[in-house]
Each structure stands twice: as structure tokens, then as C-alpha cells.
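What follows is final35.cif (mmCIF, C-alpha atoms and all ligand atoms).
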```cif
data_input
#
loop_
_atom_site.label_atom_id
_atom_site.label_comp_id
_atom_site.auth_asym_id
_atom_site.auth_seq_id
_atom_site.Cartn_x
_atom_site.Cartn_y
_atom_site.Cartn_z
CA MET Q 7 119.62 98.38 139.20
CA GLU Q 8 121.78 95.26 138.97
CA GLU Q 9 124.07 95.08 141.98
CA LYS Q 10 127.72 94.34 141.30
CA TYR Q 11 131.30 94.96 142.41
CA GLU Q 12 132.76 98.22 141.10
CA TRP Q 13 136.18 99.49 142.01
CA VAL Q 14 138.54 102.38 141.47
CA THR Q 15 142.16 102.88 142.49
CA ASN Q 16 142.76 106.25 144.11
CA ASP Q 17 144.77 109.09 142.66
CA THR Q 18 146.72 110.14 145.76
CA SER Q 19 148.53 113.14 144.32
CA GLU Q 20 147.23 115.29 147.22
CA ARG Q 21 148.95 113.15 149.87
CA ALA Q 22 151.94 115.38 150.51
CA ASN Q 23 149.67 118.41 151.09
CA THR Q 24 147.25 116.74 153.51
CA SER Q 25 148.03 116.94 157.22
CA LEU Q 26 147.13 114.13 159.60
CA ASP Q 27 147.95 116.14 162.73
CA PHE Q 28 144.37 115.92 163.96
CA LEU Q 29 144.34 112.12 163.73
CA ASN Q 30 147.82 111.24 165.03
CA GLU Q 31 148.98 109.17 168.01
CA ASN Q 32 149.06 112.14 170.43
CA ILE Q 33 145.37 112.76 169.74
CA ALA Q 34 144.69 109.02 170.01
CA LYS Q 35 146.23 108.97 173.51
CA LYS Q 36 144.05 111.86 174.65
CA VAL Q 37 140.89 110.32 173.24
CA LEU Q 38 141.62 106.89 174.71
CA GLN Q 39 142.29 108.48 178.09
CA PHE Q 40 138.87 110.18 177.92
CA HIS Q 41 137.01 107.02 176.90
CA SER Q 42 138.80 104.80 179.38
CA SER Q 43 137.60 107.05 182.22
CA PHE Q 44 134.02 105.85 181.56
CA GLU Q 45 132.83 103.19 183.99
CA GLN Q 46 131.33 101.35 180.96
CA TYR Q 47 134.70 101.25 179.20
CA SER Q 48 136.52 98.08 178.37
CA GLU Q 49 138.66 97.38 175.34
CA THR Q 50 136.66 95.59 172.63
CA PRO Q 51 138.00 92.23 171.41
CA LEU Q 52 140.39 92.02 168.47
CA VAL Q 53 139.56 88.56 167.16
CA GLU Q 54 142.15 86.63 165.18
CA LEU Q 55 140.48 84.37 162.59
CA LYS Q 56 143.42 82.06 161.86
CA GLU Q 57 141.39 79.27 160.30
CA LEU Q 58 139.51 81.65 158.04
CA ALA Q 59 142.80 83.23 156.93
CA LYS Q 60 144.14 79.76 156.04
CA TYR Q 61 140.94 78.89 154.19
CA LEU Q 62 140.97 82.13 152.19
CA GLY Q 63 144.69 81.96 151.38
CA LEU Q 64 145.74 84.92 153.54
CA ASN Q 65 148.45 85.15 156.18
CA ASP Q 66 146.09 86.37 158.91
CA VAL Q 67 142.73 88.06 159.51
CA PHE Q 68 141.86 90.26 162.50
CA VAL Q 69 138.39 91.61 163.23
CA LYS Q 70 137.78 94.27 165.87
CA ASP Q 71 134.40 93.46 167.41
CA GLU Q 72 132.64 96.73 168.26
CA SER Q 73 129.42 95.01 169.33
CA TYR Q 74 130.94 95.09 172.83
CA ARG Q 75 131.36 98.90 172.94
CA PHE Q 76 129.86 100.34 176.15
CA GLY Q 77 127.11 97.69 175.96
CA LEU Q 78 125.57 99.61 173.02
CA ASN Q 79 126.20 97.06 170.24
CA ALA Q 80 128.07 99.54 167.96
CA PHE Q 81 131.16 101.76 167.84
CA LYS Q 82 129.30 105.03 167.33
CA VAL Q 83 129.16 106.18 170.95
CA LEU Q 84 132.92 106.79 170.76
CA GLY Q 85 132.30 109.79 168.48
CA GLY Q 86 129.22 111.30 170.14
CA SER Q 87 130.66 111.02 173.65
CA PHE Q 88 134.03 112.57 172.76
CA ALA Q 89 132.41 115.40 170.77
CA ILE Q 90 130.01 116.21 173.60
CA GLY Q 91 132.90 116.03 176.10
CA GLN Q 92 134.93 118.45 173.97
CA PHE Q 93 131.94 120.74 173.49
CA ILE Q 94 131.49 120.95 177.27
CA ALA Q 95 135.23 121.44 177.84
CA ASP Q 96 135.20 124.33 175.34
CA LYS Q 97 132.10 125.87 176.87
CA LEU Q 98 133.62 125.77 180.36
CA GLY Q 99 137.07 126.89 179.20
CA LYS Q 100 138.67 123.61 180.31
CA ASP Q 101 140.85 120.97 178.72
CA ILE Q 102 139.15 117.63 178.06
CA ASP Q 103 141.78 116.02 180.34
CA GLU Q 104 140.11 117.87 183.24
CA LEU Q 105 136.77 116.24 182.45
CA PRO Q 106 136.96 112.50 183.05
CA TYR Q 107 133.63 110.69 183.11
CA LYS Q 108 132.95 111.11 186.86
CA THR Q 109 133.51 114.88 186.67
CA LEU Q 110 131.63 115.22 183.40
CA ILE Q 111 128.45 113.66 184.79
CA SER Q 112 128.66 115.44 188.17
CA ASP Q 113 125.91 117.78 189.41
CA GLU Q 114 128.52 120.52 189.62
CA ILE Q 115 129.13 120.42 185.85
CA LYS Q 116 125.39 120.11 185.17
CA ASN Q 117 124.77 123.25 187.26
CA GLN Q 118 127.48 125.16 185.41
CA LEU Q 119 126.05 124.14 182.03
CA GLY Q 120 122.35 124.55 182.74
CA GLU Q 121 119.83 122.80 180.48
CA LEU Q 122 121.15 121.70 177.08
CA THR Q 123 119.45 119.86 174.23
CA PHE Q 124 121.61 117.83 171.87
CA ILE Q 125 120.09 117.11 168.46
CA THR Q 126 121.17 114.81 165.65
CA ALA Q 127 120.09 112.83 162.58
CA THR Q 128 120.97 109.16 162.37
CA ASP Q 129 120.16 105.70 161.05
CA GLY Q 130 120.24 104.59 164.67
CA ASN Q 131 123.72 103.86 165.98
CA HIS Q 132 124.99 107.44 166.21
CA GLY Q 133 121.66 108.59 167.68
CA ARG Q 134 121.86 105.92 170.32
CA GLY Q 135 125.36 107.13 171.23
CA VAL Q 136 124.22 110.75 171.50
CA ALA Q 137 121.05 109.84 173.45
CA TRP Q 138 123.11 107.65 175.78
CA THR Q 139 125.65 110.42 176.42
CA ALA Q 140 122.91 113.02 177.02
CA GLU Q 141 121.28 110.61 179.47
CA GLN Q 142 124.56 110.22 181.42
CA LEU Q 143 124.78 114.04 181.58
CA LYS Q 144 121.12 114.38 182.62
CA GLN Q 145 120.53 116.52 179.53
CA LYS Q 146 117.93 116.28 176.73
CA SER Q 147 118.36 114.85 173.23
CA ILE Q 148 116.39 114.83 169.99
CA VAL Q 149 117.00 112.30 167.23
CA PHE Q 150 115.64 112.35 163.66
CA MET Q 151 115.81 109.07 161.75
CA PRO Q 152 115.43 108.59 157.98
CA LYS Q 153 112.48 106.97 156.24
CA GLY Q 154 112.58 103.18 156.51
CA SER Q 155 114.55 103.15 159.80
CA SER Q 156 113.97 100.15 162.01
CA LYS Q 157 111.33 100.58 164.78
CA GLU Q 158 113.55 98.51 167.01
CA ARG Q 159 116.37 101.04 166.67
CA LEU Q 160 113.89 103.89 167.30
CA GLU Q 161 112.71 102.27 170.54
CA ARG Q 162 116.31 101.73 171.71
CA ILE Q 163 117.02 105.44 171.29
CA LYS Q 164 113.82 106.40 173.11
CA ALA Q 165 114.86 104.11 175.95
CA HIS Q 166 117.68 106.58 176.70
CA GLY Q 167 115.13 109.34 177.28
CA ALA Q 168 115.48 110.96 173.84
CA TYR Q 169 112.68 112.41 171.79
CA ALA Q 170 113.08 110.38 168.59
CA GLU Q 171 111.06 110.18 165.39
CA ILE Q 172 111.28 108.50 161.97
CA LYS Q 173 110.94 111.10 159.22
CA GLU Q 174 109.53 110.77 155.70
CA PHE Q 175 112.87 111.54 154.01
CA ASN Q 176 116.44 110.25 153.74
CA TYR Q 177 119.49 110.67 156.04
CA ASP Q 178 120.93 113.76 154.36
CA GLU Q 179 117.54 115.55 154.49
CA CYS Q 180 117.18 114.54 158.16
CA VAL Q 181 120.54 116.22 158.80
CA ARG Q 182 119.26 119.45 157.24
CA ALA Q 183 116.00 119.28 159.23
CA ALA Q 184 117.86 118.72 162.52
CA ASN Q 185 120.29 121.53 161.74
CA ALA Q 186 117.45 123.94 160.95
CA LEU Q 187 115.71 123.12 164.24
CA ALA Q 188 118.99 123.48 166.14
CA GLY Q 189 119.45 126.96 164.64
CA GLU Q 190 115.89 127.98 165.45
CA LYS Q 191 115.83 126.71 169.05
CA GLY Q 192 119.45 127.04 170.13
CA TYR Q 193 119.99 123.27 170.39
CA VAL Q 194 123.47 121.77 170.08
CA MET Q 195 123.80 119.97 166.74
CA VAL Q 196 125.96 116.86 167.20
CA GLN Q 197 126.26 115.55 163.67
CA ASP Q 198 128.64 112.81 162.54
CA THR Q 199 129.37 114.55 159.26
CA ALA Q 200 130.89 117.89 158.25
CA TRP Q 201 129.98 120.48 155.66
CA GLU Q 202 131.29 123.95 154.94
CA GLY Q 203 130.86 126.00 158.08
CA TYR Q 204 130.12 122.97 160.32
CA GLU Q 205 133.44 121.37 161.12
CA LYS Q 206 134.32 121.54 164.80
CA ILE Q 207 131.95 118.89 166.18
CA PRO Q 208 132.42 116.43 163.29
CA THR Q 209 136.19 116.72 163.71
CA TRP Q 210 135.80 115.75 167.39
CA ILE Q 211 133.51 112.90 166.35
CA MET Q 212 136.14 111.60 163.95
CA GLN Q 213 138.77 111.90 166.67
CA GLY Q 214 136.48 109.94 169.01
CA TYR Q 215 136.48 107.03 166.57
CA ILE Q 216 140.28 106.75 166.79
CA THR Q 217 139.95 104.87 170.08
CA MET Q 218 139.06 101.65 168.29
CA ALA Q 219 141.91 102.05 165.79
CA TYR Q 220 144.34 102.82 168.60
CA GLU Q 221 143.27 99.81 170.67
CA ALA Q 222 143.75 97.55 167.64
CA TYR Q 223 147.10 99.15 166.79
CA LEU Q 224 148.45 98.72 170.33
CA LYS Q 225 147.30 95.12 170.52
CA LEU Q 226 148.89 94.21 167.20
CA LYS Q 227 152.07 96.14 167.95
CA ALA Q 228 152.50 94.26 171.22
CA GLN Q 229 152.61 91.05 169.10
CA ASN Q 230 154.91 92.67 166.54
CA ILE Q 231 152.21 92.53 163.89
CA LYS Q 232 151.54 95.22 161.31
CA PRO Q 233 148.43 94.93 159.14
CA THR Q 234 149.24 94.98 155.43
CA HIS Q 235 145.60 95.62 154.45
CA ILE Q 236 142.78 97.50 156.17
CA PHE Q 237 139.19 97.45 154.89
CA LEU Q 238 136.86 100.20 156.13
CA GLN Q 239 133.16 100.64 155.52
CA ALA Q 240 131.82 104.13 154.77
CA GLY Q 241 128.55 105.97 155.08
CA VAL Q 242 129.59 109.64 155.12
CA GLY Q 243 133.19 108.48 155.63
CA SER Q 244 133.88 109.83 159.14
CA LEU Q 245 134.79 106.45 160.58
CA ALA Q 246 136.79 105.39 157.52
CA SER Q 247 138.75 108.63 157.34
CA ALA Q 248 139.52 108.64 161.08
CA VAL Q 249 140.89 105.09 161.00
CA CYS Q 250 142.61 105.60 157.63
CA GLY Q 251 144.20 108.83 158.86
CA PHE Q 252 145.35 107.28 162.13
CA PHE Q 253 147.00 104.22 160.54
CA SER Q 254 148.58 106.37 157.80
CA SER Q 255 150.03 108.60 160.49
CA VAL Q 256 151.48 105.80 162.65
CA TYR Q 257 153.00 104.02 159.63
CA PRO Q 258 154.27 106.96 157.54
CA GLU Q 259 156.85 104.88 155.66
CA ASN Q 260 154.99 101.65 155.03
CA LYS Q 261 151.32 102.43 155.29
CA PRO Q 262 148.88 99.50 155.05
CA ILE Q 263 146.85 99.29 151.82
CA ILE Q 264 143.53 100.88 152.77
CA THR Q 265 140.33 100.05 150.90
CA ILE Q 266 137.04 101.87 151.43
CA VAL Q 267 133.83 99.84 151.01
CA GLU Q 268 130.32 101.19 150.33
CA PRO Q 269 126.98 99.70 149.26
CA ASN Q 270 126.11 100.10 145.55
CA LYS Q 271 122.98 101.97 146.61
CA ALA Q 272 124.81 104.66 148.63
CA ASP Q 273 128.28 104.90 147.11
CA CYS Q 274 128.87 108.67 147.24
CA ILE Q 275 132.55 108.33 148.15
CA PHE Q 276 133.21 105.78 145.41
CA ARG Q 277 131.48 108.08 142.88
CA THR Q 278 133.49 111.06 144.10
CA ALA Q 279 136.77 109.11 143.80
CA LYS Q 280 135.84 107.73 140.39
CA ALA Q 281 134.94 111.14 138.94
CA ASN Q 282 138.19 112.61 140.35
CA ASP Q 283 137.14 116.08 139.21
CA GLY Q 284 137.60 118.00 142.48
CA LYS Q 285 133.86 117.90 143.25
CA LEU Q 286 131.81 115.81 145.67
CA HIS Q 287 129.31 113.48 144.02
CA PHE Q 288 126.09 112.74 145.86
CA VAL Q 289 123.57 109.89 145.85
CA THR Q 290 119.96 110.97 146.38
CA GLY Q 291 116.64 109.22 147.06
CA ASP Q 292 115.82 106.42 149.49
CA MET Q 293 119.12 104.44 149.33
CA ASP Q 294 117.34 101.26 150.47
CA THR Q 295 120.44 99.17 151.15
CA ILE Q 296 120.38 96.63 154.00
CA MET Q 297 123.50 98.43 155.31
CA ALA Q 298 121.45 101.09 157.12
CA GLY Q 299 124.51 102.66 158.75
CA LEU Q 300 126.08 103.21 155.33
CA ALA Q 301 122.96 104.66 153.66
CA CYS Q 302 124.35 108.19 153.33
CA GLY Q 303 124.49 110.12 150.08
CA GLU Q 304 126.80 113.04 150.87
CA PRO Q 305 130.43 112.60 151.99
CA ASN Q 306 131.85 114.29 155.07
CA THR Q 307 133.93 117.14 153.58
CA ILE Q 308 136.79 116.78 156.09
CA GLY Q 309 136.73 113.01 155.86
CA TRP Q 310 136.85 113.08 152.08
CA GLY Q 311 140.02 115.21 152.22
CA VAL Q 312 141.74 112.48 154.26
CA LEU Q 313 140.46 109.63 152.09
CA LYS Q 314 141.37 111.41 148.88
CA ALA Q 315 144.95 111.63 150.11
CA TYR Q 316 145.44 108.38 152.02
CA ALA Q 317 142.95 105.69 150.90
CA ASP Q 318 144.24 103.37 148.18
CA HIS Q 319 141.11 101.82 146.67
CA PHE Q 320 137.35 102.42 146.72
CA LEU Q 321 134.83 99.61 146.28
CA SER Q 322 131.09 99.76 145.67
CA VAL Q 323 129.51 96.41 146.51
CA PRO Q 324 126.14 94.56 146.49
CA ASP Q 325 124.04 94.06 149.62
CA ALA Q 326 124.79 90.33 149.30
CA ALA Q 327 128.44 91.04 150.27
CA ALA Q 328 127.24 92.26 153.69
CA ALA Q 329 124.92 89.27 154.12
CA HIS Q 330 127.80 86.94 153.22
CA GLY Q 331 130.05 88.62 155.81
CA MET Q 332 127.36 88.22 158.49
CA ARG Q 333 127.10 84.50 157.74
CA VAL Q 334 130.87 83.94 157.65
CA LEU Q 335 131.41 85.75 160.96
CA GLY Q 336 128.38 84.11 162.58
CA ASN Q 337 129.37 80.58 161.47
CA PRO Q 338 133.12 80.38 161.98
CA LEU Q 339 135.43 77.57 160.98
CA LYS Q 340 136.33 75.20 163.83
CA GLY Q 341 138.94 76.86 166.04
CA ASP Q 342 137.88 80.42 165.18
CA GLU Q 343 135.73 82.58 167.42
CA ARG Q 344 132.20 83.61 166.49
CA ILE Q 345 131.39 87.27 165.88
CA ILE Q 346 127.83 88.56 165.73
CA SER Q 347 128.02 91.28 163.13
CA GLY Q 348 125.24 93.35 161.58
CA GLU Q 349 124.90 94.46 157.96
CA SER Q 350 127.11 97.57 158.15
CA GLY Q 351 129.57 95.78 160.42
CA ALA Q 352 130.13 92.66 158.34
CA VAL Q 353 130.45 94.05 154.84
CA THR Q 354 134.24 94.47 154.86
CA LEU Q 355 134.93 90.90 155.94
CA GLY Q 356 132.29 89.77 153.42
CA VAL Q 357 134.21 91.62 150.72
CA VAL Q 358 137.55 90.08 151.75
CA SER Q 359 136.02 86.61 151.66
CA GLN Q 360 134.37 87.19 148.27
CA LEU Q 361 137.50 88.72 146.74
CA MET Q 362 139.55 85.69 147.79
CA THR Q 363 137.04 83.09 146.61
CA GLY Q 364 134.62 84.73 144.19
CA GLU Q 365 134.58 84.30 140.44
CA GLY Q 366 135.22 87.37 138.34
CA LEU Q 367 136.86 89.32 141.14
CA SER Q 368 140.49 88.29 140.61
CA ASP Q 369 141.45 91.60 138.96
CA ILE Q 370 140.38 93.46 142.12
CA LYS Q 371 142.15 90.94 144.35
CA GLU Q 372 145.36 91.35 142.34
CA SER Q 373 145.16 95.11 142.25
CA LEU Q 374 144.73 95.14 146.05
CA LYS Q 375 147.75 92.77 146.31
CA LEU Q 376 145.82 90.33 148.48
CA ASP Q 377 147.75 87.08 148.83
CA GLU Q 378 149.27 84.55 151.26
CA ASN Q 379 151.41 87.30 152.84
CA SER Q 380 148.49 89.61 153.62
CA VAL Q 381 147.53 90.45 157.21
CA VAL Q 382 144.02 91.87 157.00
CA LEU Q 383 142.29 94.09 159.55
CA CYS Q 384 138.51 94.71 159.45
CA ILE Q 385 136.25 96.40 161.96
CA SER Q 386 132.90 94.85 162.74
CA THR Q 387 131.33 98.18 163.60
CA GLU Q 388 128.04 96.80 164.94
CA GLY Q 389 126.41 93.68 166.31
CA ASP Q 390 122.85 92.58 165.49
CA THR Q 391 121.41 96.10 165.87
CA ASP Q 392 118.37 94.94 163.85
CA PHE Q 393 117.65 91.68 165.68
CA ASN Q 394 114.98 90.32 163.30
CA ARG Q 395 116.83 91.21 160.11
CA TYR Q 396 119.95 89.51 161.49
CA ARG Q 397 118.07 86.24 161.88
CA ASP Q 398 116.40 86.58 158.48
CA ILE Q 399 119.82 86.85 156.88
CA VAL Q 400 121.93 84.47 158.97
CA TRP Q 401 119.30 81.82 159.79
CA ASN Q 402 116.90 82.10 156.88
CA GLY Q 403 119.35 82.89 154.09
CA LEU Q 404 118.02 86.24 152.88
CA TYR Q 405 120.27 88.03 150.36
CA PRO Q 406 122.09 84.90 149.08
CA ASN Q 407 125.22 85.04 146.96
CA LYS Q 408 124.25 84.98 143.30
C1 LIG Q 501 127.50 100.26 162.19
C2 LIG Q 501 128.02 101.36 161.36
N1 LIG Q 501 129.13 101.15 160.64
C3 LIG Q 501 129.67 102.12 159.87
C4 LIG Q 501 129.07 103.36 159.78
C5 LIG Q 501 129.67 104.38 158.86
O1 LIG Q 501 130.19 105.49 159.49
P1 LIG Q 501 130.35 106.85 158.69
O2 LIG Q 501 128.97 107.39 158.44
O3 LIG Q 501 131.18 107.68 159.56
O4 LIG Q 501 130.99 106.54 157.39
C6 LIG Q 501 127.91 103.62 160.51
C7 LIG Q 501 127.25 104.94 160.45
O5 LIG Q 501 126.21 105.18 161.01
C8 LIG Q 501 127.36 102.61 161.31
O6 LIG Q 501 126.25 102.80 162.04
#
```

Would it be possible to restate this file's structure as C-alpha cells?
Amino acid sequence: MEEKYEWVTNDTSERANTSLDFLNENIAKKVLQFHSSFEQYSETPLVELKELAKYLGLNDVFVKDESYRFGLNAFKVLGGSFAIGQFIADKLGKDIDELPYKTLISDEIKNQLGELTFITATDGNHGRGVAWTAEQLKQKSIVFMPKGSSKERLERIKAHGAYAEIKEFNYDECVRAANALAGEKGYVMVQDTAWEGYEKIPTWIMQGYITMAYEAYLKLKAQNIKPTHIFLQAGVGSLASAVCGFFSSVYPENKPIITIVEPNKADCIFRTAKANDGKLHFVTGDMDTIMAGLACGEPNTIGWGVLKAYADHFLSVPDAAAAHGMRVLGNPLKGDERIISGESGAVTLGVVSQLMTGEGLSDIKESLKLDENSVVLCISTEGDTDFNRYRDIVWNGLYPNK
């Protein structure tokens, strides 16, 4: 399959009927309070790339660098930790506000809970977050990873005491296998996507992701800056819908233009938006994109509802866009700060850079209204979570621009 840019503008006729109450600022405050009680918590940097903005012909570019999150090199722990915290709060009949980190990990809570096993399916980052949280709680975790997952990511998950294994099938099939085992053995399924009948935990996971959006929002607001454009990468769309929902809720009158970005090889949300027929459209098979975190073929049903109503554009892009973003962020212009960003983390900035400079993309750039007045926000959702691949791309030039 030839890789190329494809794009569709959203039909947002459902907007008025779609509530954002579960992603609003009150929720954000609660979630941030929970995360900031962790001893590993510190706000991740929001890097202003002034020189890059000038070079690309934009007003400003901000990149939230999630490689610093809890020392885990990716944002994902925000979702797993909040969902597990909420699960425990529910189980003990408490409010999450009564369970700050120190209380949550105490022997007293462990004794009340007894032995629990948390299970999940993941390309790596979410599984590491779940395994890490289970380790803090002195509980067990099981992680299934799709075919082709990096051994390095497997070992990192095992290092948190999890039982982890790479399966012979893709992400969506790993989710079904984990869910079946959870049902059989009474394990707690902590999945970062929703489907009919499985909505509580994925909603908490989405809410957990708001912390990074809220930190960025507060930082920008303190400088009187409002982003005009936000680019969000999507696998199942939990992250994208959480951040899209939050920013749409805090700017109800003048919402930023929000664009969702997926790899050509796993563009289930793009396909669903393009078909616009009220059905979800899946991608099946191996989905061998370099953006491992985005290699998901079935959209989160709750997340899709939010994106359908509040996202403005959907893009399906080549792997080379991610590689380009990694190189741009890793080799900044003089005066800008360097960001180490992995494949799934860098794709949005790669897209912004290619839209502003690339041939044949001006119709997309114009439709997105990207120009010298634009203040762009991207989230680098991971660092070099695949250490060797990072060097192959950034040092050795793998996946060049065509
Ligand atoms: C680094 C990274 N970025 C983005 C995503 C996409 O998140 P979601 O599956 O919620 O769309 C993932 C998912 O695993 C990821 O690991």
C-alpha cells in the first residue's frame, strides 16, 4: 500500500447533543489532585519552540513533553493509575479524594482489598503504567502484548513484577484474550478502550489523561495564551478524545481547531469519520506501523462519541511523518529546546511541520487554517520507548521523507 496523506473534515452535527461533563474542569481538578499526591509527580515541561514556529510560518508552537511523566517515558500511567485508584475507591465505598498516593499504597488498604490481579493488553506504554501502579500497590499484574511488540518494552514491563507475554495476534485480539481470562479468573480488566458493556474503567482512564491537558491549559492561561490549533494522535482515541473534550469544554465559545492524526496502517477513526454512516469502521491484521502506540484497529466507543462531536479534522498519515517529527524535535533550531520523542509521540509535530513546508499539502493546510496567526499545541506522548529504533530513525535516517 502506498502511504500518503488523507484527510477529512468532520461533520459535527452531533455537537449540541454530546455532553462533556465527564471531561470538564471540575473533573480535571480532581484528577490533578490525585496525580499530584504521588511522590513521583512533577509537572511535565511545556516546551515553546519559538524558532521552529518562525521557521514554519506560525505564530507559536508548544509541545508538552510526556517523556518526563513519573520517570516512565510516556503519558500512559496517568490513565492506568487514576482508573485503578477509582476502582479501589469504588470497591471500598470511598471518594478518590480520600485516597491520596500514601493512603492508596498503605498496608491498611492492601489488607482491606486482599489479593488483586490487574490484567490488560497493550503495545507497551499502557501496560507499563498498569504494571507500575500494581507494583506500588503490592498487587499482581498480567500484560498481553501484540505480535511484533518490542522485546525492550516487554522487559520494561516485566521489571515492574508483571507477568507479560507477546502474543501471536494484534492489539484488538489481545484485548479480547485478556478480557476472556479476566472473566474466567476474576481478574480486574484495566483496558484503555471501551466497548458496549465495558465503559466504567475506560472512562476513568480517559479522565486520567486530562492531567496533561490541564497542566498545559493552566500554563498557557497564566501567560494569557490560548492555542488556536491542537493536534492529537490516536490509537483507539482515548487520549485524543479526553484532551479534545477537555479543551472543548474550557473554551465553549472559541474552541481551538482540533485535528486527529493516525497512521495510514491503523486509521480506524479516520475511516469511521470518512464513512460518516453511524457505524464504527475497523482496521484488521498486523497494522505494522512504526507508531506502535497507535496500532489499534477498533475505536474506543466513548471516545469516538466525543471526537465525532468536537474534533474538526481527521488525518491519516505515512510512517515517514512520525520519523520526520522525531528528527525535528531531536535536532532543534538554535535557541529551541530539544525534545526526545518516540514514533507515536512525534507524529503530530511531524505533521504540522510537513503541512507547513511540504509540497502537495497546501489544501490541507488551508482547510485547517494554519497560518502566521496560529498557536499550535502538540503532545509528545512518549520519549524513546524503543531505544534502538529511535537511533535508527534519528541517527541513521530510517523512514526518510519521500
Ligand atoms: C505513546 C502513545 N501515544 C499515543 C497513544 C494513543 O492513545 P489512544 O490509544 O488512547 O488513542 C498511545 C497508546 O498506547 C501511546 O502509547

Residues within 10 Å of Ser112 (chain Q), please, as a list of chain:residue names. Count only C-alpha atoms; anything in the same chain fewer than 5 positions from it doesn't count.
Q:Leu105, Q:Tyr107, Q:Asn117, Q:Gln142, Q:Leu143, Q:Lys144

Identify, on the basis of all atoms listed in the file, every residue whose closest approach to Met195 (chain Q) does not exceed 9 Å; exclude the query and any residue fewer than 4 positions from it along the same chain; express the result as a list in words.
Thr123, Phe124, Ile125, Thr126, Ala184, Asn185, Ala188, Gly189 and Ile207 of chain Q

Near Gly291 (chain Q), counting all atoms listed in the file, which residues have an atom at most 12 Å away, once you skip same-chain residues fewer than 6 positions from it, shown as a PyMOL selection string?
chain Q and resi 152-154+174-179+271-272+301-304

Could the residues that lie within 6 Å of ligand LIG 501 (chain Q), counting all atoms listed in the file, be listed as a ChimeraX atom specification?
/Q:80,131-132,239-246,299-300,350-351,387-388

Mind writing the picked residues with C-alpha atoms as a PDB file, in the coordinates of the input?
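The resulting part-v7.pdb:
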```
ATOM      1  CA  ALA Q  80     128.070  99.540 167.960  1.00  0.00           C
ATOM      2  CA  ASN Q 131     123.720 103.860 165.980  1.00  0.00           C
ATOM      3  CA  HIS Q 132     124.990 107.440 166.210  1.00  0.00           C
ATOM      4  CA  GLN Q 239     133.160 100.640 155.520  1.00  0.00           C
ATOM      5  CA  ALA Q 240     131.820 104.130 154.770  1.00  0.00           C
ATOM      6  CA  GLY Q 241     128.550 105.970 155.080  1.00  0.00           C
ATOM      7  CA  VAL Q 242     129.590 109.640 155.120  1.00  0.00           C
ATOM      8  CA  GLY Q 243     133.190 108.480 155.630  1.00  0.00           C
ATOM      9  CA  SER Q 244     133.880 109.830 159.140  1.00  0.00           C
ATOM     10  CA  LEU Q 245     134.790 106.450 160.580  1.00  0.00           C
ATOM     11  CA  ALA Q 246     136.790 105.390 157.520  1.00  0.00           C
ATOM     12  CA  GLY Q 299     124.510 102.660 158.750  1.00  0.00           C
ATOM     13  CA  LEU Q 300     126.080 103.210 155.330  1.00  0.00           C
ATOM     14  CA  SER Q 350     127.110  97.570 158.150  1.00  0.00           C
ATOM     15  CA  GLY Q 351     129.570  95.780 160.420  1.00  0.00           C
ATOM     16  CA  THR Q 387     131.330  98.180 163.600  1.00  0.00           C
ATOM     17  CA  GLU Q 388     128.040  96.800 164.940  1.00  0.00           C
TER      18      GLU Q 388
END
```

Suppose you want the space between CA of His41 (chain Q) and CA of Ala89 (chain Q); what is it in Å?
11.4 Å

Of the listed residues Q:Gln46, Q:Leu110, Q:Asn65, Q:Pro258, that which approaches Ala22 (chain Q) most closely, counting all atoms listed in the file
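For Ala22 (chain Q), the nearest of the given residues is Q:Pro258.
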
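Atom pair CA of Leu321 (chain Q) / CA of Lys173 (chain Q): separated by 29.5 Å.
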
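Ranking Q:Glu57, Q:Asp71, Q:Asp103, Q:Glu31 by their shortest atom-to-atom distance to Ser43 (chain Q), with all atoms listed in the file included, puts Q:Asp103 first.
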
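From CA of Gln92 (chain Q) back to CA of Tyr169 (chain Q), the distance works out to 23.2 Å.
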
Please determine the residues with any atom at most 7 Å from (117.0, 110.0, 169.5) (coordinates as given in the file, with all atoms listed in the file counting) and report them as an MDAnalysis selection string.
chainID Q and resid 133:134 137 147:150 163:164 168:170

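Each of Q:Asp113, Q:Asp342, Q:Asp283, Q:Asp325 was checked against Asn270 (chain Q) using all atoms listed in the file; the smallest atom-to-atom distance is that of Q:Asp325.
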
Smallest atom-to-atom distance to Val358 (chain Q): which of Q:His319, Q:Arg182, Q:His235, Q:Arg344, using all atoms listed in the file?
Q:His235

I need the residue nearest Ala200 (chain Q) from this list: Q:Phe393, Q:Tyr61, Q:Trp310, Q:Phe28. Use only C-alpha atoms for the distance.
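Smallest distance to Ala200 (chain Q) is found for Q:Trp310.
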